[in-house]
Structures are given as C-alpha cells and as structure tokens.
file model36.cif (mmCIF, C-alpha atoms)
data_target
#
loop_
_atom_site.group_PDB
_atom_site.id
_atom_site.type_symbol
_atom_site.label_atom_id
_atom_site.label_comp_id
_atom_site.auth_asym_id
_atom_site.auth_seq_id
_atom_site.Cartn_x
_atom_site.Cartn_y
_atom_site.Cartn_z
ATOM 1 C CA MET A 22 95.980 149.519 77.969
ATOM 2 C CA THR A 23 93.997 147.047 80.079
ATOM 3 C CA GLU A 24 96.888 144.561 80.178
ATOM 4 C CA PHE A 25 99.265 147.296 81.387
ATOM 5 C CA THR A 26 96.838 148.410 84.095
ATOM 6 C CA ASN A 27 96.339 144.820 85.299
ATOM 7 C CA ALA A 28 100.098 144.300 85.509
ATOM 8 C CA LEU A 29 100.357 147.255 87.878
ATOM 9 C CA GLU A 30 97.755 145.687 90.158
ATOM 10 C CA LEU A 31 99.706 142.451 90.632
ATOM 11 C CA PRO A 32 101.178 141.860 94.083
ATOM 12 C CA ARG A 33 104.781 142.942 94.523
ATOM 13 C CA PRO A 34 107.284 140.075 94.198
ATOM 14 C CA ARG A 35 108.743 138.978 97.509
ATOM 15 C CA THR A 36 112.039 140.479 98.597
ATOM 16 C CA LEU A 37 114.735 137.992 99.543
ATOM 17 C CA VAL A 38 117.062 138.985 102.356
ATOM 18 C CA HIS A 39 120.134 136.836 102.925
ATOM 19 C CA PRO A 40 120.978 135.958 106.535
ATOM 20 C CA GLY A 41 124.556 137.290 106.611
ATOM 21 C CA PRO A 42 125.981 140.816 106.577
ATOM 22 C CA VAL A 43 125.435 142.672 103.303
ATOM 23 C CA GLY A 44 128.639 142.719 101.263
ATOM 24 C CA ALA A 45 130.081 146.111 100.309
ATOM 25 C CA ILE A 46 130.540 144.984 96.685
ATOM 26 C CA ARG A 47 127.302 143.877 95.030
ATOM 27 C CA ILE A 48 128.791 142.560 91.779
ATOM 28 C CA GLU A 49 132.284 141.110 91.810
ATOM 29 C CA HIS A 50 134.095 141.319 88.492
ATOM 30 C CA ARG A 51 137.471 141.005 86.811
ATOM 31 C CA HIS A 52 138.652 141.955 83.357
ATOM 32 C CA ALA A 53 139.920 139.027 81.290
ATOM 33 C CA SER A 54 143.216 139.866 79.606
ATOM 34 C CA GLN A 55 142.185 137.728 76.640
ATOM 35 C CA GLY A 56 139.394 135.383 75.605
ATOM 36 C CA ARG A 57 139.736 132.499 73.193
ATOM 37 C CA HIS A 58 136.666 130.863 71.673
ATOM 38 C CA PHE A 59 136.235 127.132 71.204
ATOM 39 C CA ARG A 60 133.548 124.793 69.943
ATOM 40 C CA LEU A 61 133.599 121.495 71.810
ATOM 41 C CA GLY A 62 131.853 118.233 70.989
ATOM 42 C CA LEU A 63 131.256 116.532 74.338
ATOM 43 C CA GLU A 64 132.241 112.892 73.974
ATOM 44 C CA PRO A 65 129.463 110.251 74.231
ATOM 45 C CA GLY A 66 129.611 107.986 77.272
ATOM 46 C CA ARG A 67 131.497 110.538 79.409
ATOM 47 C CA THR A 68 130.160 112.508 82.327
ATOM 48 C CA LEU A 69 129.483 116.141 81.508
ATOM 49 C CA GLN A 70 132.212 117.082 83.975
ATOM 50 C CA ASP A 71 134.938 114.982 82.320
ATOM 51 C CA ALA A 72 133.720 115.761 78.780
ATOM 52 C CA ILE A 73 134.036 119.500 79.493
ATOM 53 C CA ILE A 74 137.118 119.659 81.723
ATOM 54 C CA GLU A 75 139.501 117.367 79.827
ATOM 55 C CA PRO A 76 139.468 119.130 76.424
ATOM 56 C CA LEU A 77 139.675 122.565 78.052
ATOM 57 C CA MET A 78 142.648 121.504 80.201
ATOM 58 C CA LEU A 79 144.399 120.203 77.041
ATOM 59 C CA LEU A 80 143.880 123.681 75.551
ATOM 60 C CA GLY A 81 145.373 125.315 78.662
ATOM 61 C CA VAL A 82 142.049 126.806 79.766
ATOM 62 C CA GLN A 83 141.671 127.249 83.537
ATOM 63 C CA ALA A 84 138.497 129.395 83.576
ATOM 64 C CA ALA A 85 135.706 129.597 81.011
ATOM 65 C CA SER A 86 132.122 130.540 80.355
ATOM 66 C CA MET A 87 130.126 128.084 78.227
ATOM 67 C CA THR A 88 126.859 127.711 76.385
ATOM 68 C CA ILE A 89 125.563 124.173 75.915
ATOM 69 C CA LEU A 90 123.595 124.091 72.675
ATOM 70 C CA GLY A 91 121.511 121.011 73.399
ATOM 71 C CA GLY A 92 121.732 117.268 72.956
ATOM 72 C CA ARG A 93 120.848 113.936 74.536
ATOM 73 C CA LEU A 94 121.915 112.748 77.957
ATOM 74 C CA GLU A 95 121.859 109.051 78.762
ATOM 75 C CA LYS A 96 121.439 109.964 82.419
ATOM 76 C CA LEU A 97 120.698 113.330 84.032
ATOM 77 C CA LEU A 98 120.696 114.252 87.686
ATOM 78 C CA TYR A 99 119.772 117.758 88.787
ATOM 79 C CA CYS A 100 118.881 119.827 91.850
ATOM 80 C CA VAL A 101 116.521 122.726 92.432
ATOM 81 C CA ALA A 102 116.754 125.376 95.165
ATOM 82 C CA PRO A 103 113.551 125.802 97.194
ATOM 83 C CA PRO A 104 113.406 128.025 100.290
ATOM 84 C CA ASP A 105 115.578 126.696 103.131
ATOM 85 C CA PRO A 106 113.238 125.802 106.029
ATOM 86 C CA THR A 107 116.078 126.130 108.573
ATOM 87 C CA GLY A 108 116.574 129.827 107.793
ATOM 88 C CA GLU A 109 120.349 129.307 107.491
ATOM 89 C CA ARG A 110 120.069 130.379 103.844
ATOM 90 C CA VAL A 111 117.402 131.893 101.602
ATOM 91 C CA ALA A 112 117.435 128.719 99.492
ATOM 92 C CA ASN A 113 119.274 125.424 99.533
ATOM 93 C CA TYR A 114 119.805 122.762 96.876
ATOM 94 C CA THR A 115 117.711 119.616 97.106
ATOM 95 C CA ARG A 116 119.198 116.142 96.946
ATOM 96 C CA PRO A 117 119.880 115.112 93.325
ATOM 97 C CA ILE A 118 116.750 114.275 91.340
ATOM 98 C CA ASP A 119 117.190 111.449 88.807
ATOM 99 C CA ALA A 120 115.587 112.557 85.531
ATOM 100 C CA GLY A 121 116.763 109.418 83.695
ATOM 101 C CA ALA A 122 117.509 109.981 80.010
ATOM 102 C CA ALA A 123 116.771 113.545 78.917
ATOM 103 C CA THR A 124 117.173 116.009 76.072
ATOM 104 C CA LEU A 125 119.040 119.200 76.910
ATOM 105 C CA ILE A 126 117.363 122.257 75.429
ATOM 106 C CA PHE A 127 119.948 124.802 76.535
ATOM 107 C CA GLY A 128 122.451 125.293 79.328
ATOM 108 C CA ASN A 129 125.122 127.582 80.719
ATOM 109 C CA ALA A 130 128.219 126.336 82.471
ATOM 110 C CA THR A 131 131.273 127.829 84.130
ATOM 111 C CA LEU A 132 134.697 126.247 84.559
ATOM 112 C CA GLY A 133 136.483 127.155 87.759
ATOM 113 C CA LYS A 134 138.203 125.549 90.751
ATOM 114 C CA ASN A 135 136.848 124.011 93.922
ATOM 115 C CA GLY A 136 138.231 124.727 97.389
ATOM 116 C CA ARG A 137 141.078 122.227 96.819
ATOM 117 C CA GLY A 138 142.142 123.944 93.576
ATOM 118 C CA GLU A 139 140.759 121.169 91.339
ATOM 119 C CA PRO A 140 138.789 121.965 88.150
ATOM 120 C CA ILE A 141 135.021 122.029 88.602
ATOM 121 C CA VAL A 142 132.064 122.789 86.324
ATOM 122 C CA HIS A 143 128.945 124.601 87.554
ATOM 123 C CA CYS A 144 125.999 124.144 85.183
ATOM 124 C CA HIS A 145 122.355 125.171 84.986
ATOM 125 C CA ALA A 146 120.180 123.872 82.157
ATOM 126 C CA THR A 147 116.697 123.389 80.800
ATOM 127 C CA PHE A 148 115.784 119.918 79.553
ATOM 128 C CA VAL A 149 112.929 117.625 78.529
ATOM 129 C CA CYS A 150 112.475 114.422 80.513
ATOM 130 C CA GLU A 151 111.366 111.158 78.909
ATOM 131 C CA ASP A 152 107.805 111.776 80.148
ATOM 132 C CA GLY A 153 107.731 114.997 78.076
ATOM 133 C CA ASN A 154 107.901 117.390 81.034
ATOM 134 C CA VAL A 155 110.217 120.378 80.720
ATOM 135 C CA ARG A 156 112.399 120.870 83.774
ATOM 136 C CA GLY A 157 115.417 122.909 84.742
ATOM 137 C CA GLY A 158 117.927 123.378 87.485
ATOM 138 C CA HIS A 159 121.473 122.830 88.654
ATOM 139 C CA VAL A 160 122.940 119.850 86.764
ATOM 140 C CA VAL A 161 125.004 117.358 88.766
ATOM 141 C CA VAL A 162 127.723 117.203 86.086
ATOM 142 C CA ASP A 163 129.814 114.420 87.625
ATOM 143 C CA ARG A 164 126.794 112.065 87.561
ATOM 144 C CA SER A 165 125.158 113.095 84.260
ATOM 145 C CA THR A 166 126.295 111.244 81.130
ATOM 146 C CA VAL A 167 126.389 112.236 77.446
ATOM 147 C CA ALA A 168 124.299 109.835 75.307
ATOM 148 C CA ASP A 169 125.352 108.375 71.938
ATOM 149 C CA ALA A 170 126.044 111.632 70.032
ATOM 150 C CA PRO A 171 128.383 114.545 70.857
ATOM 151 C CA ILE A 172 126.833 117.594 72.536
ATOM 152 C CA ALA A 173 127.910 120.957 71.118
ATOM 153 C CA VAL A 174 129.333 123.507 73.554
ATOM 154 C CA LEU A 175 130.606 127.014 72.825
ATOM 155 C CA ALA A 176 133.321 127.981 75.304
ATOM 156 C CA THR A 177 135.087 131.286 75.926
ATOM 157 C CA SER A 178 138.265 131.165 77.976
ATOM 158 C CA LEU A 179 138.741 133.835 80.623
ATOM 159 C CA GLU A 180 142.500 134.432 80.492
ATOM 160 C CA GLY A 181 144.050 136.037 83.558
ATOM 161 C CA ILE A 182 141.105 135.088 85.760
ATOM 162 C CA GLU A 183 140.700 132.286 88.248
ATOM 163 C CA LEU A 184 137.166 131.381 89.232
ATOM 164 C CA ARG A 185 137.254 129.798 92.668
ATOM 165 C CA ILE A 186 134.529 128.504 94.967
ATOM 166 C CA THR A 187 134.632 130.225 98.349
ATOM 167 C CA GLN A 188 132.171 130.503 101.208
ATOM 168 C CA ASP A 189 130.060 133.668 101.028
ATOM 169 C CA GLU A 190 129.329 135.416 104.330
ATOM 170 C CA GLU A 191 126.119 137.070 103.133
ATOM 171 C CA THR A 192 124.366 134.067 101.554
ATOM 172 C CA HIS A 193 126.009 131.379 103.726
ATOM 173 C CA MET A 194 126.594 129.435 100.497
ATOM 174 C CA PRO A 195 129.675 128.461 98.507
ATOM 175 C CA LEU A 196 129.877 130.736 95.441
ATOM 176 C CA MET A 197 132.203 130.830 92.421
ATOM 177 C CA ARG A 198 134.087 134.127 92.565
ATOM 178 C CA PRO A 199 136.599 135.831 90.263
ATOM 179 C CA PHE A 200 140.210 136.332 91.335
ATOM 180 C CA ALA A 201 143.324 137.396 89.459
ATOM 181 C CA ALA A 202 145.023 134.259 88.127
ATOM 182 C CA ASP A 203 148.596 133.379 88.968
ATOM 183 C CA VAL A 204 150.652 134.845 86.072
ATOM 184 C CA GLU A 205 152.884 131.747 85.757
ATOM 185 C CA GLU A 206 149.868 129.440 85.682
ATOM 186 C CA THR A 207 148.199 131.506 82.962
ATOM 187 C CA ARG A 208 151.388 131.808 80.897
ATOM 188 C CA HIS A 209 152.132 128.083 80.920
ATOM 189 C CA GLY A 210 148.562 126.794 80.773
ATOM 190 C CA VAL A 211 149.110 124.669 83.873
#
call {"tool": "encode", "arguments": {"input": "model36.cif", "output": "structure tokens"}}
result
Amino acid sequence: MTEFTNALELPRPRTLVHPGPVGAIRIEHRHASQGRHFRLGLEPGRTLQDAIIEPLMLLGVQAASMTILGGRLEKLLYCVAPPDPTGERVANYTRPIDAGAATLIFGNATLGKNGRGEPIVHCHATFVCEDGNVRGGHVVVDRSTVADAPIAVLATSLEGIELRITQDEETHMPLMRPFAADVEETRHGV
C-alpha cells in the first residue's frame, strides 16, 4: 500500500499544449480494405530506406506498418525531440546524431509518401551503441545502413489507404496522415 500512496504524491506530469488551433478530430483513422502480411529480410549493405521500400514496392505495397525485430546496423544516425526553445513547436528534432555501428533491439516503421508523392519510411527504434549505452529515437533511414546480416521485419500492408506527410496546423510539424488511396493505384499496385 505504501508504494501506491507514494505514487499518488508524485508531481503531476506536465501538460503539453501545441501552438496551433486544436483540431476537431483528435485521432485520424481509415479502415484498410485488406491487409497482407510479409516477412522481409533487409539486405546487408543497403540503407534501411532502400532495404524496406524496394521489396514492398515490388509486392505492390504503397502503405504499411512494420515491426523491426532487431539486428546489426553498420551505421546508425538518429534524432531525438527535445523541447523547441523558439516556441514554434512543443518539440523539434535535433540534427542527426551519429551512433556509429549499433544493434537494433526493436523498432516500428511506417511506409507512406512524402509531399512529392515519393515513398518514405518513418522509423523509431531502440538500439545499443558500441559503447554499451541503450538509446532510442527517430532513425534517419536514408543514412543508416544494414550490417553484414539481414534484419528481420514484419510488415502489414494497408490496402486502400495512402499515408501522406502533410503540414499539421496544430503542432506546426509535418505528420504522416491517412487518406483514401486512389482506387486505380491500389488495384494495379502502382
């Protein structure tokens, strides 16, 4: 009972208030018309971005949710999101931090499209650096490279959905949002 009582006496966590107008919809969602499941082996020597995007595009997947099951990276760059001192946003990504070679413990990634309609992967992961420290953050996938063994990834396609990065008025940040996919694009796997 003492532990429960002490937990109640802890200070209240801070409340974050974004600088823009509060959106009417708090959680944006879409229903996927179908979901196919794949197990990928990310190819050694490739960037995480290319190793994820290329096999999914060959399978006709335009949007997906993924779990990275762990593995070695020859090179890992990542960002964290401390409070933004300018006040333009609640938080802002740092410049990429070079972790060198690292071992991924676990990660989640999403396949969507950038503002130009090109495939993009957004990934957050936990990893162990060569110095033994455990770190985590937003992985810079186009500059992080798979080491000498494939990395296992479980992917679920989100058929009928397009995930697209758009500017968010409330957070003042680019966010990946769900939209209904173009029917022809989904049907033909373009």
call {"tool": "closest_residue", "arguments": {"input": "model36.cif", "among": "A:Ala72, A:Leu179, A:Ala170, A:Leu97", "to": "Ala146 in chain A", "atoms": "all atoms listed in the file"}}
result
A:Leu97
call {"tool": "closest_atom_pairs", "arguments": {"input": "model36.cif", "of": "range 107-211 of chain A", "to": "range 73-95 of chain A", "cutoff": "10 Å", "atoms": "all atoms listed in the file", "output": "CSV"}}
result
residue,atom,partner,partner_atom,distance
A:Ala120,CA,A:Leu94,CA,9.9
A:Gly121,CA,A:Glu95,CA,7.1
A:Ala122,CA,A:Glu95,CA,4.6
A:Ala123,CA,A:Leu94,CA,5.3
A:Thr124,CA,A:Arg93,CA,4.5
A:Leu125,CA,A:Gly91,CA,4.7
A:Ile126,CA,A:Gly91,CA,4.8
A:Phe127,CA,A:Gly91,CA,5.2
A:Gly128,CA,A:Ile89,CA,4.8
A:Asn129,CA,A:Thr88,CA,4.7
A:Ala130,CA,A:Met87,CA,5.0
A:Thr131,CA,A:Ser86,CA,4.7
A:Leu132,CA,A:Ala85,CA,5.0
A:Gly133,CA,A:Ala84,CA,5.2
A:Lys134,CA,A:Ala84,CA,8.1
A:Glu139,CA,A:Gln83,CA,9.9
A:Pro140,CA,A:Ile74,CA,7.0
A:Ile141,CA,A:Ile74,CA,7.6
A:Val142,CA,A:Ile74,CA,7.5
A:His143,CA,A:Ser86,CA,9.9
A:Cys144,CA,A:Met87,CA,9.0
A:His145,CA,A:Ile89,CA,9.7
A:Ala146,CA,A:Ile89,CA,8.2
A:Thr147,CA,A:Gly91,CA,9.1
A:Phe148,CA,A:Gly91,CA,8.5
A:Val149,CA,A:Arg93,CA,9.6
A:Cys150,CA,A:Leu94,CA,9.9
A:Val162,CA,A:Ile73,CA,9.4
A:Ser165,CA,A:Leu94,CA,7.1
A:Thr166,CA,A:Glu95,CA,5.5
A:Val167,CA,A:Leu94,CA,4.5
A:Ala168,CA,A:Glu95,CA,4.3
A:Asp169,CA,A:Arg93,CA,7.6
A:Ala170,CA,A:Arg93,CA,7.3
A:Pro171,CA,A:Gly92,CA,7.5
A:Ile172,CA,A:Gly92,CA,5.1
A:Ala173,CA,A:Leu90,CA,5.6
A:Val174,CA,A:Ile89,CA,4.5
A:Leu175,CA,A:Thr88,CA,5.2
A:Ala176,CA,A:Met87,CA,4.3
A:Thr177,CA,A:Ser86,CA,5.4
A:Ser178,CA,A:Ala85,CA,4.3
A:Leu179,CA,A:Ala85,CA,5.2
A:Glu180,CA,A:Ala84,CA,7.1
A:Gly181,CA,A:Ala84,CA,8.7
A:Ile182,CA,A:Ala84,CA,6.6
A:Glu183,CA,A:Ala84,CA,5.9
A:Leu184,CA,A:Ala84,CA,6.1
A:Arg185,CA,A:Ala84,CA,9.2
A:Pro199,CA,A:Ala84,CA,9.5
A:Ala202,CA,A:Gln83,CA,9.0
A:Glu206,CA,A:Gln83,CA,8.8
A:Thr207,CA,A:Gln83,CA,7.8
A:Arg208,CA,A:Gly81,CA,9.1
A:His209,CA,A:Gly81,CA,7.6
A:Gly210,CA,A:Gly81,CA,4.1
A:Val211,CA,A:Gly81,CA,6.4
call {"tool": "closest_residue", "arguments": {"input": "model36.cif", "among": "A:Gln55, A:Thr115, A:Thr192, A:Thr107", "to": "Val160 in chain A", "atoms": "only C-alpha atoms"}}
result
A:Thr115
call {"tool": "resolve_selection", "arguments": {"input": "model36.cif", "expression": "the PyMOL selection byres ((chain A and resi 187) around 9)", "output": "NGL selection string"}}
result
:A and (135-136 or 185-186 or 188-189 or 194-198)
call {"tool": "write_last_selection", "arguments": {"input": "model36.cif", "atoms": "C-alpha atoms", "output": "short mmCIF file (atom, residue, chain, number, x, y, z; two decimals), in the coordinates of the input"}}
result
data_model
loop_
_atom_site.label_atom_id
_atom_site.label_comp_id
_atom_site.auth_asym_id
_atom_site.auth_seq_id
_atom_site.Cartn_x
_atom_site.Cartn_y
_atom_site.Cartn_z
CA ASN A 135 136.85 124.01 93.92
CA GLY A 136 138.23 124.73 97.39
CA ARG A 185 137.25 129.80 92.67
CA ILE A 186 134.53 128.50 94.97
CA GLN A 188 132.17 130.50 101.21
CA ASP A 189 130.06 133.67 101.03
CA MET A 194 126.59 129.44 100.50
CA PRO A 195 129.68 128.46 98.51
CA LEU A 196 129.88 130.74 95.44
CA MET A 197 132.20 130.83 92.42
CA ARG A 198 134.09 134.13 92.56
#
call {"tool": "residues_around", "arguments": {"input": "model36.cif", "residues": "Ile118 in chain A", "least_positions_apart": "6", "cutoff": "12 Å", "atoms": "all atoms listed in the file", "output": "PyMOL selection string"}}
result
chain A and resi 96-102+150+156-161+164-165
call {"tool": "atom_distance", "arguments": {"input": "model36.cif", "atom1": "CA of Asp163 in chain A", "atom2": "CA of Asp71 in chain A"}}
result
7.4 Å
